[in-house]
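Please read the structure below before turning to the comments.
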Amino acid sequence: MPLLEITDLRKTFIAPDGASHTVVDMPAFALGEHEELALSGESGSGKTTFLHLIAGILRPDAGRVTLAGREMSALREHERDQLRATHIGYIFQTFNLLQGYTCLENVLLGMKFGRGVDHALAITLLKRVGLSDKLDHSPRQLSTGQQQRVAVARALANRPQLVLADEPTGNLDQANAREAIALIRETCRETGAALLLVSHAPDVLAQFEQVRDLSQLNRAAA
Amino acid sequence: MTLARIVTKSLRQHALSTVVTAFGIALATGLLMAVWAVKTQANQTFTGVSGGFDAVLGARSAKLQLVLNAIFHLEESPGNLGQADFEEIRKNPAVALALPIAVGDNYRGYRLVGTTTNLFTEVEPQPQRKGQKFVFTSGRAFNAGYAEAVLGSFAANRLGLKLGDKFHPYHGLLFDEKQQHAETYVVTGILAPSNTPADRVIWIPLEGVQNMQGHAAHTANEISAVLVKLRSPIVGKQLETLYNKQGNRLTFAWPIAQTIAQIFDKIAWFDRVLELVAWLVAAVATASILASLYNSMNERRREIAILRALGAHRSTIFGAVVIESAAIAAIGAFAGFLVYGAIAIGAAAIIRAQVGVVLDPWAWNLVFLWAPAGIIASGAAAGIVPALKAYRTDVAENLVPHS
């Protein structure tokens, strides 16, 4: 049984002018445990919406998302929140670090709503991403590349089974982007998490063995 | 990383608005506690002031005027009594002590009260301290018939008079430099604080006031009032009937506490206005928490969305905002004790200087419990509207930065 299974997933938004726009229309998708997959897609192809549907941040209009044997759409909101916190690590394009918190606190905050605060693990993760001397730094005191590393550490804070990465190198230069992707892949492998990454950057996609075109999976983007 | 830590972080991130809003709450809490505590304590203290007597006998007048003049040493004397009136009540078997007083002069605004030395040997000025008579911190009582004076502690302190100092009294109860009497009085004693209006008085022999140069000759044997201590409180009713209902020349003000309580009945409307103002300030301060937090929710939408994306439940976000609101109110409520201290100490100093009654700003009052608790509860309630806004924050829409 795959870790993530999607069937007949559909999401439509209503524009201010009243017109409806289907952003995701996906008959089937699956991702196995420990699997590593990159999805390619241009801007507006529904990449972020697709990941939000998987994470339970958005509710689909139709279809099923099953993660670790639990069907997301059948869960109540707080149960989806809990499942997201304990099973999914999310790396955002803009990192989404909380500016009022230190690097360590950002990672601890990731744990707070998941499997519980574990100081030792948080420090280990930050050391693993090369930030052992930046624990008490605020995100705005870090370079963009370093902020990305904090985001990676936070995504792994709850020992997730699935890491979702949404254009994780969108704000990085080429050298940092290559380094960041390598780090994400390595740390996911080390923790046994499956990785689903979406990007439109050929350099990033070239680092993956498995790459699929989102437009072939998503009929709305075709 | 607890919810309390998240709230603390948020308070720090919005330090300026936290401080400004908490300051408003502090003013409101302090004002509310001060109005309430000073009112209740003034009521208790004033009605407890009797100078060690049960009643006052004076010329026909309002009982309150008589008590204010004879016990609190405020107000004009309503008129005089003859020596025969004094002798009559002094000899009444129901009367334990009858102390004559005569007023009409001052020294730099502090009232000279003529009386007998019985004041120092028989009177217990504080009803709550049985057996405790006036205590001299220095010197002795005046000698009857001599130009000698004993000063209350507050008057001595304010006038800077010491043992052996001499002074000329001034005519009238209000200080007027042109009204100086020729007599010279010497200070023979200074009393310890009694925390009663007596502390503001300059005591001289009864004859001193009666025979002061410039006073009308026909008043030489008259007195302003008689302070009466009864052998039993029950006889007060009989004397009241005798003087007030059967007679029409004199007034017997009894009991003193009930008479003085009339002041608070007369100024009850003012109390209510002060209370209303305090409640309005509290309402405005609480509303300012609501406005401040509500407005900050727009800039915090992304932060809320991030917390939700990390797995925080809507109810957690709602709770955090309500706790933050209550925390601002709590900071303000605790700081309110400083505001209370400043107002209450100031009010106590003014009351002591004007009336001689000492209030204790730190005496326990239930308002110290219910006012901060009420303000904190109101603060938490004020957080509900911004918390609902936070509760409804769209996660997906706010995860991307807004320009």
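We name chains A, B, ... following the order of the structure tokens; residues begin at 1 in each chain, and ligands are numbered from 1 as shown.
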
Within 10 Å of chain A, which residues of chain B show up? Give each one with its shortest atom-to-atom distance in Å (one decimal) and the two atoms involved, counting only C-alpha atoms, rows by chain then rising residue number, as a tab-separated table.
```
residue	atom	partner	partner_atom	distance
B:Met1	CA	A:Leu109	CA	6.3
B:Thr2	CA	A:Lys112	CA	7.3
B:Leu3	CA	A:Lys112	CA	9.0
B:Ile6	CA	A:Leu109	CA	8.9
B:Lys9	CA	A:Gly100	CA	6.9
B:Ser10	CA	A:Gly100	CA	7.9
B:Arg12	CA	A:Gly100	CA	8.6
B:Gln13	CA	A:Gly100	CA	6.5
B:Arg302	CA	A:Asn96	CA	8.4
B:Glu303	CA	A:Leu98	CA	6.6
B:Ile304	CA	A:Leu98	CA	9.8
B:Ala305	CA	A:Asn96	CA	9.4
B:Ile306	CA	A:Asn96	CA	6.5
B:Leu307	CA	A:Leu109	CA	8.2
B:Arg308	CA	A:Asp81	CA	7.5
B:Ala309	CA	A:Ile57	CA	6.8
B:Leu310	CA	A:Ala85	CA	5.7
B:Gly311	CA	A:Ala85	CA	4.5
B:Ala312	CA	A:Phe113	CA	5.6
B:His313	CA	A:His78	CA	5.7
B:Arg314	CA	A:His78	CA	7.7
B:Ser315	CA	A:His78	CA	8.7
B:Thr316	CA	A:Phe113	CA	9.6
B:Asp394	CA	A:Ile57	CA	9.2
B:Val395	CA	A:Ile57	CA	6.7
B:Ala396	CA	A:Ile57	CA	6.4
B:Glu397	CA	A:Leu58	CA	9.9
B:Leu399	CA	A:Asn96	CA	7.4
B:Val400	CA	A:Thr94	CA	7.2
B:Pro401	CA	A:Thr94	CA	7.8
```

Pull N, CA, C and O atoms from the residues just selected and write them as a short mmCIF file (atom, residue, chain, number, x, y, z; two decimals), in the first residue's frame.
```cif
data_model
loop_
_atom_site.label_atom_id
_atom_site.label_comp_id
_atom_site.auth_asym_id
_atom_site.auth_seq_id
_atom_site.Cartn_x
_atom_site.Cartn_y
_atom_site.Cartn_z
N MET B 1 8.52 24.91 24.18
CA MET B 1 7.73 25.88 23.42
C MET B 1 6.25 25.69 23.77
O MET B 1 5.58 24.84 23.21
N THR B 2 5.80 26.43 24.74
CA THR B 2 4.42 26.29 25.20
C THR B 2 3.58 27.42 24.62
O THR B 2 4.10 28.36 24.01
N LEU B 3 2.26 27.30 24.85
CA LEU B 3 1.35 28.35 24.38
C LEU B 3 1.70 29.68 25.06
O LEU B 3 1.66 30.75 24.43
N ILE B 6 4.46 31.27 23.26
CA ILE B 6 4.01 31.87 22.00
C ILE B 6 3.36 33.23 22.29
O ILE B 6 3.60 34.22 21.59
N LYS B 9 6.01 35.77 23.24
CA LYS B 9 6.71 36.23 22.03
C LYS B 9 5.89 37.29 21.31
O LYS B 9 6.42 38.32 20.88
N SER B 10 4.60 37.02 21.21
CA SER B 10 3.73 37.96 20.50
C SER B 10 3.66 39.30 21.23
O SER B 10 3.69 40.36 20.60
N ARG B 12 5.96 40.58 23.06
CA ARG B 12 7.24 41.27 22.84
C ARG B 12 7.32 41.86 21.44
O ARG B 12 7.82 42.96 21.24
N GLN B 13 6.82 41.06 20.45
CA GLN B 13 6.88 41.55 19.08
C GLN B 13 6.04 42.82 18.91
O GLN B 13 6.33 43.65 18.06
N ARG B 302 -0.20 36.17 8.18
CA ARG B 302 0.77 35.21 7.66
C ARG B 302 1.32 34.34 8.78
O ARG B 302 1.47 33.12 8.63
N GLU B 303 1.61 34.99 9.90
CA GLU B 303 2.14 34.24 11.06
C GLU B 303 1.12 33.18 11.50
O GLU B 303 1.49 32.04 11.80
N ILE B 304 -0.14 33.58 11.51
CA ILE B 304 -1.20 32.63 11.91
C ILE B 304 -1.27 31.49 10.90
O ILE B 304 -1.38 30.31 11.28
N ALA B 305 -1.18 31.85 9.60
CA ALA B 305 -1.24 30.81 8.56
C ALA B 305 -0.07 29.83 8.71
O ALA B 305 -0.23 28.61 8.54
N ILE B 306 1.11 30.36 9.05
CA ILE B 306 2.28 29.48 9.22
C ILE B 306 2.04 28.52 10.40
O ILE B 306 2.28 27.32 10.31
N LEU B 307 1.56 29.08 11.51
CA LEU B 307 1.29 28.23 12.68
C LEU B 307 0.27 27.16 12.34
O LEU B 307 0.41 25.99 12.72
N ARG B 308 -0.76 27.55 11.58
CA ARG B 308 -1.79 26.57 11.19
C ARG B 308 -1.18 25.52 10.27
O ARG B 308 -1.48 24.33 10.39
N ALA B 309 -0.31 25.95 9.33
CA ALA B 309 0.33 24.99 8.42
C ALA B 309 1.22 24.03 9.19
O ALA B 309 1.40 22.88 8.78
N LEU B 310 1.76 24.49 10.32
CA LEU B 310 2.60 23.61 11.13
C LEU B 310 1.76 22.64 11.97
O LEU B 310 2.31 21.77 12.64
N GLY B 311 0.45 22.83 11.94
CA GLY B 311 -0.42 21.89 12.64
C GLY B 311 -1.21 22.48 13.78
O GLY B 311 -1.95 21.77 14.46
N ALA B 312 -1.08 23.79 14.01
CA ALA B 312 -1.85 24.40 15.10
C ALA B 312 -3.34 24.38 14.74
O ALA B 312 -3.71 24.74 13.63
N HIS B 313 -4.16 23.96 15.71
CA HIS B 313 -5.61 23.95 15.47
C HIS B 313 -6.13 25.38 15.49
O HIS B 313 -5.55 26.25 16.12
N ARG B 314 -7.28 25.56 14.87
CA ARG B 314 -7.94 26.88 14.93
C ARG B 314 -8.17 27.28 16.39
O ARG B 314 -8.00 28.42 16.77
N SER B 315 -8.59 26.29 17.20
CA SER B 315 -8.91 26.59 18.60
C SER B 315 -7.65 27.04 19.36
O SER B 315 -7.72 27.86 20.27
N THR B 316 -6.48 26.50 18.94
CA THR B 316 -5.23 26.91 19.59
C THR B 316 -4.95 28.37 19.29
O THR B 316 -4.55 29.13 20.16
N ASP B 394 -7.64 32.43 6.56
CA ASP B 394 -7.49 31.43 5.50
C ASP B 394 -6.02 31.05 5.38
O ASP B 394 -5.17 31.90 5.08
N VAL B 395 -5.71 29.79 5.61
CA VAL B 395 -4.31 29.36 5.66
C VAL B 395 -3.66 29.45 4.28
O VAL B 395 -2.62 30.10 4.11
N ALA B 396 -4.28 28.82 3.30
CA ALA B 396 -3.67 28.74 1.97
C ALA B 396 -3.44 30.14 1.38
O ALA B 396 -2.39 30.42 0.80
N GLU B 397 -4.41 31.01 1.59
CA GLU B 397 -4.34 32.35 1.01
C GLU B 397 -3.23 33.19 1.65
O GLU B 397 -2.64 34.06 1.02
N LEU B 399 -0.37 32.01 3.23
CA LEU B 399 0.97 31.43 3.37
C LEU B 399 2.00 32.14 2.49
O LEU B 399 3.19 32.08 2.75
N VAL B 400 1.51 32.78 1.46
CA VAL B 400 2.44 33.53 0.61
C VAL B 400 2.50 34.96 1.12
O VAL B 400 1.50 35.50 1.59
N PRO B 401 3.69 35.59 1.05
CA PRO B 401 3.78 36.95 1.57
C PRO B 401 2.95 37.93 0.76
O PRO B 401 2.86 37.82 -0.46
#
```

For this session: Any chance you could list, as a list of chain:residue names, the residues in region 52-134 of chain A that come up strand (DSSP E or B) when DSSP is run on the backbone?
Result: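 Matching residues, listed in order: A:Ala62, A:Gly63, A:Arg64, A:Val65, A:Thr66, A:Leu67, A:Arg70, A:Glu71, A:Ile88, A:Gly89, A:Tyr90, A:Ile91.
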
For this session: With a distance cut-off of 12 Å and only C-alpha atoms, select the neighbouring residues of Gly48 (chain B), excluding the residue or stretch itself and same-chain residues fewer than 5 positions from it, and output the selection as a VMD selection string.
Result: chain B and resid 41 to 43 53 to 54 71 to 72 125 to 129 195 to 197 255 to 261 357 to 359

Quick one: residues within 7 Å of Ala371 (chain B), only C-alpha atoms, excluding same-chain residues fewer than 4 positions away - as a PDB file with all heavy atoms, in the first residue's frame?
```
ATOM      1  N   THR B  29      -7.617  50.457  36.164  1.00  0.00           N
ATOM      2  CA  THR B  29      -7.665  49.605  37.364  1.00  0.00           C
ATOM      3  C   THR B  29      -7.322  50.419  38.606  1.00  0.00           C
ATOM      4  O   THR B  29      -7.998  50.298  39.640  1.00  0.00           O
ATOM      5  CB  THR B  29      -6.661  48.435  37.233  1.00  0.00           C
ATOM      6  OG1 THR B  29      -6.780  47.867  35.934  1.00  0.00           O
ATOM      7  CG2 THR B  29      -6.926  47.358  38.266  1.00  0.00           C
ATOM      8  N   MET B  33      -9.864  51.057  41.706  1.00  0.00           N
ATOM      9  CA  MET B  33      -9.536  50.609  43.066  1.00  0.00           C
ATOM     10  C   MET B  33      -9.474  51.803  44.015  1.00  0.00           C
ATOM     11  O   MET B  33      -9.939  51.720  45.153  1.00  0.00           O
ATOM     12  CB  MET B  33      -8.199  49.853  43.073  1.00  0.00           C
ATOM     13  CG  MET B  33      -8.269  48.515  42.358  1.00  0.00           C
ATOM     14  SD  MET B  33      -6.848  47.443  42.663  1.00  0.00           S
ATOM     15  CE  MET B  33      -5.526  48.353  41.921  1.00  0.00           C
ATOM     16  N   VAL B 367     -11.844  45.159  46.906  1.00  0.00           N
ATOM     17  CA  VAL B 367     -11.694  45.708  45.549  1.00  0.00           C
ATOM     18  C   VAL B 367     -10.338  45.320  44.941  1.00  0.00           C
ATOM     19  O   VAL B 367     -10.198  45.215  43.718  1.00  0.00           O
ATOM     20  CB  VAL B 367     -11.863  47.246  45.551  1.00  0.00           C
ATOM     21  CG1 VAL B 367     -10.660  47.945  46.155  1.00  0.00           C
ATOM     22  CG2 VAL B 367     -12.125  47.771  44.150  1.00  0.00           C
ATOM     23  N   ILE B 375     -11.127  43.149  35.513  1.00  0.00           N
ATOM     24  CA  ILE B 375     -10.442  43.759  34.366  1.00  0.00           C
ATOM     25  C   ILE B 375      -9.801  42.673  33.492  1.00  0.00           C
ATOM     26  O   ILE B 375      -9.873  42.725  32.255  1.00  0.00           O
ATOM     27  CB  ILE B 375      -9.363  44.755  34.863  1.00  0.00           C
ATOM     28  CG1 ILE B 375     -10.019  46.002  35.487  1.00  0.00           C
ATOM     29  CG2 ILE B 375      -8.391  45.137  33.762  1.00  0.00           C
ATOM     30  CD1 ILE B 375     -10.545  47.017  34.510  1.00  0.00           C
TER      31      ILE B 375
END
```

Excluding same-chain residues fewer than 6 positions from region 120-134 of chain A, what lies within 10 Å of it counting only C-alpha atoms, as a tab-separated table (two decimals) with all heavy atoms, in the first residue's frame?
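Here's the written file part_34.tsv:
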```
chain	number	residue	atom	x	y	z
A	102	THR	N	13.81	32.54	17.26
A	102	THR	CA	15.15	32.15	16.85
A	102	THR	C	15.06	30.91	15.96
A	102	THR	O	13.99	30.31	15.84
A	102	THR	CB	16.02	31.81	18.07
A	102	THR	OG1	15.47	30.65	18.70
A	102	THR	CG2	16.09	32.95	19.06
A	103	CYS	N	16.22	30.53	15.38
A	103	CYS	CA	16.25	29.33	14.53
A	103	CYS	C	15.77	28.12	15.34
A	103	CYS	O	14.93	27.33	14.88
A	103	CYS	CB	17.67	29.07	14.05
A	103	CYS	SG	18.27	30.35	12.98
A	104	LEU	N	16.33	27.99	16.55
A	104	LEU	CA	15.97	26.85	17.39
A	104	LEU	C	14.48	26.87	17.71
A	104	LEU	O	13.79	25.84	17.63
A	104	LEU	CB	16.80	26.87	18.68
A	104	LEU	CG	16.54	25.73	19.67
A	104	LEU	CD1	16.82	24.38	19.04
A	104	LEU	CD2	17.38	25.91	20.94
A	105	GLU	N	13.97	28.05	18.03
A	105	GLU	CA	12.54	28.16	18.38
A	105	GLU	C	11.65	27.84	17.18
A	105	GLU	O	10.57	27.26	17.34
A	105	GLU	CB	12.24	29.57	18.90
A	105	GLU	CG	12.77	29.78	20.31
A	105	GLU	CD	12.69	31.24	20.75
A	105	GLU	OE1	12.61	32.13	19.87
A	105	GLU	OE2	12.74	31.49	21.96
A	106	ASN	N	12.10	28.20	15.98
A	106	ASN	CA	11.32	27.85	14.79
A	106	ASN	C	11.18	26.34	14.65
A	106	ASN	O	10.11	25.84	14.31
A	106	ASN	CB	11.96	28.45	13.54
A	106	ASN	CG	11.33	29.79	13.15
A	106	ASN	OD1	10.26	29.84	12.57
A	106	ASN	ND2	12.00	30.87	13.52
A	107	VAL	N	12.28	25.63	14.92
A	107	VAL	CA	12.24	24.16	14.82
A	107	VAL	C	11.38	23.59	15.96
A	107	VAL	O	10.57	22.69	15.75
A	107	VAL	CB	13.67	23.58	14.86
A	107	VAL	CG1	13.63	22.06	14.80
A	107	VAL	CG2	14.49	24.13	13.68
A	108	LEU	N	11.55	24.17	17.16
A	108	LEU	CA	10.77	23.69	18.31
A	108	LEU	C	9.27	23.92	18.09
A	108	LEU	O	8.44	23.11	18.48
A	108	LEU	CB	11.21	24.40	19.59
A	108	LEU	CG	12.61	24.06	20.10
A	108	LEU	CD1	13.00	24.96	21.26
A	108	LEU	CD2	12.70	22.59	20.51
A	109	LEU	N	8.97	25.05	17.43
A	109	LEU	CA	7.57	25.36	17.15
A	109	LEU	C	6.97	24.31	16.20
A	109	LEU	O	5.81	23.94	16.33
A	109	LEU	CB	7.48	26.75	16.52
A	109	LEU	CG	6.17	27.50	16.64
A	109	LEU	CD1	5.73	27.61	18.08
A	109	LEU	CD2	6.33	28.90	16.05
A	110	GLY	N	7.80	23.83	15.26
A	110	GLY	CA	7.36	22.76	14.37
A	110	GLY	C	7.00	21.51	15.16
A	110	GLY	O	6.09	20.76	14.81
A	111	MET	N	7.74	21.28	16.26
A	111	MET	CA	7.48	20.10	17.09
A	111	MET	C	6.27	20.26	17.98
A	111	MET	O	5.58	19.31	18.31
A	111	MET	CB	8.70	19.83	17.98
A	111	MET	CG	9.94	19.44	17.22
A	111	MET	SD	11.35	19.41	18.36
A	111	MET	CE	12.51	18.43	17.40
A	141	GLN	N	18.66	37.48	10.59
A	141	GLN	CA	20.11	37.60	10.74
A	141	GLN	C	20.85	36.59	9.86
A	141	GLN	O	22.08	36.56	9.87
A	141	GLN	CB	20.52	37.39	12.20
A	141	GLN	CG	20.02	38.47	13.14
A	141	GLN	CD	20.30	38.15	14.60
A	141	GLN	OE1	19.86	37.11	15.10
A	141	GLN	NE2	21.04	39.02	15.26
A	142	LEU	N	20.09	35.74	9.16
A	142	LEU	CA	20.70	34.69	8.35
A	142	LEU	C	20.63	35.04	6.87
A	142	LEU	O	19.77	35.82	6.44
A	142	LEU	CB	19.96	33.37	8.57
A	142	LEU	CG	19.86	32.86	10.02
A	142	LEU	CD1	19.08	31.55	10.04
A	142	LEU	CD2	21.25	32.65	10.62
A	146	GLN	N	20.83	30.07	4.39
A	146	GLN	CA	20.74	29.58	5.78
A	146	GLN	C	19.29	29.48	6.24
A	146	GLN	O	18.93	28.56	6.96
A	146	GLN	CB	21.54	30.50	6.70
A	146	GLN	CG	23.06	30.35	6.53
A	146	GLN	CD	23.81	31.45	7.26
A	146	GLN	OE1	23.35	32.57	7.38
A	146	GLN	NE2	25.02	31.11	7.72
A	147	GLN	N	18.47	30.43	5.80
A	147	GLN	CA	17.05	30.37	6.16
A	147	GLN	C	16.41	29.11	5.59
A	147	GLN	O	15.60	28.45	6.24
A	147	GLN	CB	16.31	31.61	5.64
A	147	GLN	CG	16.68	32.88	6.39
A	147	GLN	CD	15.88	34.09	5.90
A	147	GLN	OE1	14.69	34.00	5.67
A	147	GLN	NE2	16.56	35.21	5.74
A	148	GLN	N	16.82	28.78	4.36
A	148	GLN	CA	16.30	27.57	3.74
A	148	GLN	C	16.67	26.33	4.57
A	148	GLN	O	15.88	25.41	4.74
A	148	GLN	CB	16.87	27.46	2.32
A	148	GLN	CG	16.55	26.18	1.59
A	148	GLN	CD	15.06	26.04	1.31
A	148	GLN	OE1	14.27	25.87	2.23
A	148	GLN	NE2	14.70	26.12	0.03
A	149	ARG	N	17.88	26.36	5.14
A	149	ARG	CA	18.33	25.22	5.95
A	149	ARG	C	17.48	25.08	7.22
A	149	ARG	O	17.17	23.98	7.65
A	149	ARG	CB	19.80	25.40	6.33
A	149	ARG	CG	20.74	25.21	5.16
A	149	ARG	CD	22.12	25.74	5.47
A	149	ARG	NE	23.00	25.53	4.33
A	149	ARG	CZ	23.76	24.44	4.18
A	149	ARG	NH1	23.76	23.53	5.11
A	149	ARG	NH2	24.50	24.29	3.11
A	150	VAL	N	17.14	26.22	7.81
A	150	VAL	CA	16.27	26.18	9.00
A	150	VAL	C	14.93	25.56	8.62
A	150	VAL	O	14.38	24.72	9.35
A	150	VAL	CB	16.05	27.58	9.60
A	150	VAL	CG1	15.13	27.51	10.81
A	150	VAL	CG2	17.37	28.22	9.99
A	151	ALA	N	14.43	25.96	7.43
A	151	ALA	CA	13.14	25.44	6.97
A	151	ALA	C	13.21	23.93	6.79
A	151	ALA	O	12.25	23.19	7.10
A	151	ALA	CB	12.73	26.12	5.67
A	152	VAL	N	14.36	23.44	6.30
A	152	VAL	CA	14.53	21.99	6.12
A	152	VAL	C	14.52	21.29	7.48
A	152	VAL	O	13.84	20.28	7.69
A	152	VAL	CB	15.85	21.69	5.37
A	152	VAL	CG1	16.15	20.19	5.37
A	152	VAL	CG2	15.78	22.22	3.93
A	153	ALA	N	15.26	21.89	8.45
A	153	ALA	CA	15.32	21.29	9.79
A	153	ALA	C	13.92	21.26	10.41
A	153	ALA	O	13.53	20.27	11.04
A	153	ALA	CB	16.28	22.09	10.67
A	154	ARG	N	13.17	22.34	10.22
A	154	ARG	CA	11.82	22.40	10.81
A	154	ARG	C	10.91	21.35	10.16
A	154	ARG	O	10.09	20.72	10.84
A	154	ARG	CB	11.22	23.79	10.63
A	154	ARG	CG	9.89	23.96	11.33
A	154	ARG	CD	9.30	25.34	11.13
A	154	ARG	NE	8.97	25.59	9.73
A	154	ARG	CZ	8.50	26.74	9.26
A	154	ARG	NH1	8.33	27.75	10.09
A	154	ARG	NH2	8.23	26.90	7.98
A	155	ALA	N	11.06	21.17	8.84
A	155	ALA	CA	10.21	20.20	8.14
A	155	ALA	C	10.45	18.78	8.65
A	155	ALA	O	9.55	17.94	8.62
A	155	ALA	CB	10.46	20.28	6.63
A	156	LEU	N	11.68	18.53	9.13
A	156	LEU	CA	12.00	17.18	9.59
A	156	LEU	C	11.80	17.00	11.10
A	156	LEU	O	12.02	15.92	11.63
A	156	LEU	CB	13.46	16.87	9.23
A	156	LEU	CG	13.77	16.84	7.73
A	156	LEU	CD1	15.26	16.82	7.49
A	156	LEU	CD2	13.10	15.64	7.07
A	157	ALA	N	11.33	18.06	11.74
A	157	ALA	CA	11.30	18.08	13.21
A	157	ALA	C	10.40	17.00	13.82
A	157	ALA	O	10.68	16.50	14.90
A	157	ALA	CB	10.84	19.45	13.71
A	158	ASN	N	9.34	16.64	13.10
A	158	ASN	CA	8.41	15.64	13.66
A	158	ASN	C	8.63	14.24	13.08
A	158	ASN	O	7.73	13.40	13.14
A	158	ASN	CB	6.96	16.09	13.42
A	158	ASN	CG	6.59	17.25	14.32
A	158	ASN	OD1	6.79	17.18	15.54
A	158	ASN	ND2	6.09	18.33	13.75
A	159	ARG	N	9.81	14.02	12.55
A	159	ARG	CA	10.14	12.76	11.89
A	159	ARG	C	9.00	12.35	10.94
A	159	ARG	O	8.37	11.30	11.08
A	159	ARG	CB	10.34	11.64	12.92
A	159	ARG	CG	11.46	11.91	13.89
A	159	ARG	CD	11.69	10.67	14.76
A	159	ARG	NE	12.67	10.93	15.78
A	159	ARG	CZ	12.38	11.39	16.99
A	159	ARG	NH1	11.12	11.63	17.32
A	159	ARG	NH2	13.32	11.58	17.89
A	180	ALA	N	20.99	23.09	-1.63
A	180	ALA	CA	19.76	22.89	-0.85
A	180	ALA	C	19.07	21.60	-1.25
A	180	ALA	O	18.60	20.85	-0.38
A	180	ALA	CB	18.83	24.08	-1.06
A	183	LEU	N	20.82	18.70	0.17
A	183	LEU	CA	20.57	18.59	1.60
A	183	LEU	C	19.19	17.98	1.87
A	183	LEU	O	19.04	17.10	2.74
A	183	LEU	CB	20.66	19.98	2.25
A	183	LEU	CG	20.41	20.02	3.76
A	183	LEU	CD1	21.51	19.31	4.53
A	183	LEU	CD2	20.29	21.46	4.24
A	184	ILE	N	18.19	18.49	1.15
A	184	ILE	CA	16.82	17.97	1.36
A	184	ILE	C	16.78	16.47	1.07
A	184	ILE	O	16.22	15.68	1.84
A	184	ILE	CB	15.81	18.73	0.46
A	184	ILE	CG1	15.68	20.18	0.94
A	184	ILE	CG2	14.46	18.05	0.46
A	184	ILE	CD1	14.93	21.10	-0.04
A	187	THR	N	18.80	14.46	3.81
A	187	THR	CA	18.15	14.39	5.12
A	187	THR	C	16.88	13.53	5.07
A	187	THR	O	16.57	12.83	6.02
A	187	THR	CB	17.80	15.80	5.65
A	187	THR	OG1	17.14	16.52	4.62
A	187	THR	CG2	19.05	16.55	6.08
```

Problem set entry | Who sits within 7 Å of region 63-67 of chain A, only C-alpha atoms, same chain under 5 positions skipped, as a ChimeraX atom specification | /A:3-10,54,72-73

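Reported to one decimal place, the separation of CA of Thr251 (chain B) from CA of Met212 (chain B) is 26.3 Å.
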
Exercise. So how far away is CA of Val20 (chain B) from CA of Leu280 (chain B), in Å?
Worked result: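 Separation of CA of Leu280 (chain B) and CA of Val20 (chain B): 17.7 Å.
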
Exercise. Using only C-alpha atoms, which of the listed residues (B:Ser224, B:Asn69, B:Thr241, B:Thr18) sits closest to Ala102 (chain B)?
Worked result: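 For Ala102 (chain B), the nearest of the candidates is B:Ser224.
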
For this session: DSSP on the backbone, then: every residue of region 6-195 of chain B marked alpha helix (DSSP H), written as a ChimeraX atom specification.
Result: /B:6-13,15-48,63-70,83-90,118-122,153-159

Exercise. Smallest atom-to-atom distance to Gly336 (chain B): which of B:Ala387, B:Gly30, B:Arg5, B:Trp362, using only C-alpha atoms?
Worked result: B:Gly30

Problem set entry | Spatial neighbours of region 166-170 of chain A, 7 Å, only C-alpha atoms, chain gap at least 2 places, as a list in words | Thr48, Ile91, Phe92, Gln93, Leu164, Leu172, Ala177, Leu197, Val198 and Ser199 of chain A

Would you write out those residues with C-alpha atoms, as a CSV table (one decimal), in the first residue's frame?
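Done, and the output landed in result.csv:
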```csv
chain,number,residue,atom,x,y,z
A,48,THR,CA,1.0,24.7,-4.7
A,91,ILE,CA,9.2,23.2,2.9
A,92,PHE,CA,7.8,26.4,1.4
A,93,GLN,CA,9.3,28.5,-1.4
A,164,LEU,CA,6.5,18.2,0.6
A,172,LEU,CA,18.1,30.8,-4.0
A,177,ALA,CA,19.9,25.8,-5.0
A,197,LEU,CA,9.1,18.1,-4.7
A,198,VAL,CA,7.5,20.4,-7.2
A,199,SER,CA,9.6,22.8,-9.2
```

Problem set entry | Separation of CA of Ala94 (chain B) from CA of Arg231 (chain B), in Å and rounded to one decimal | 5.5 Å
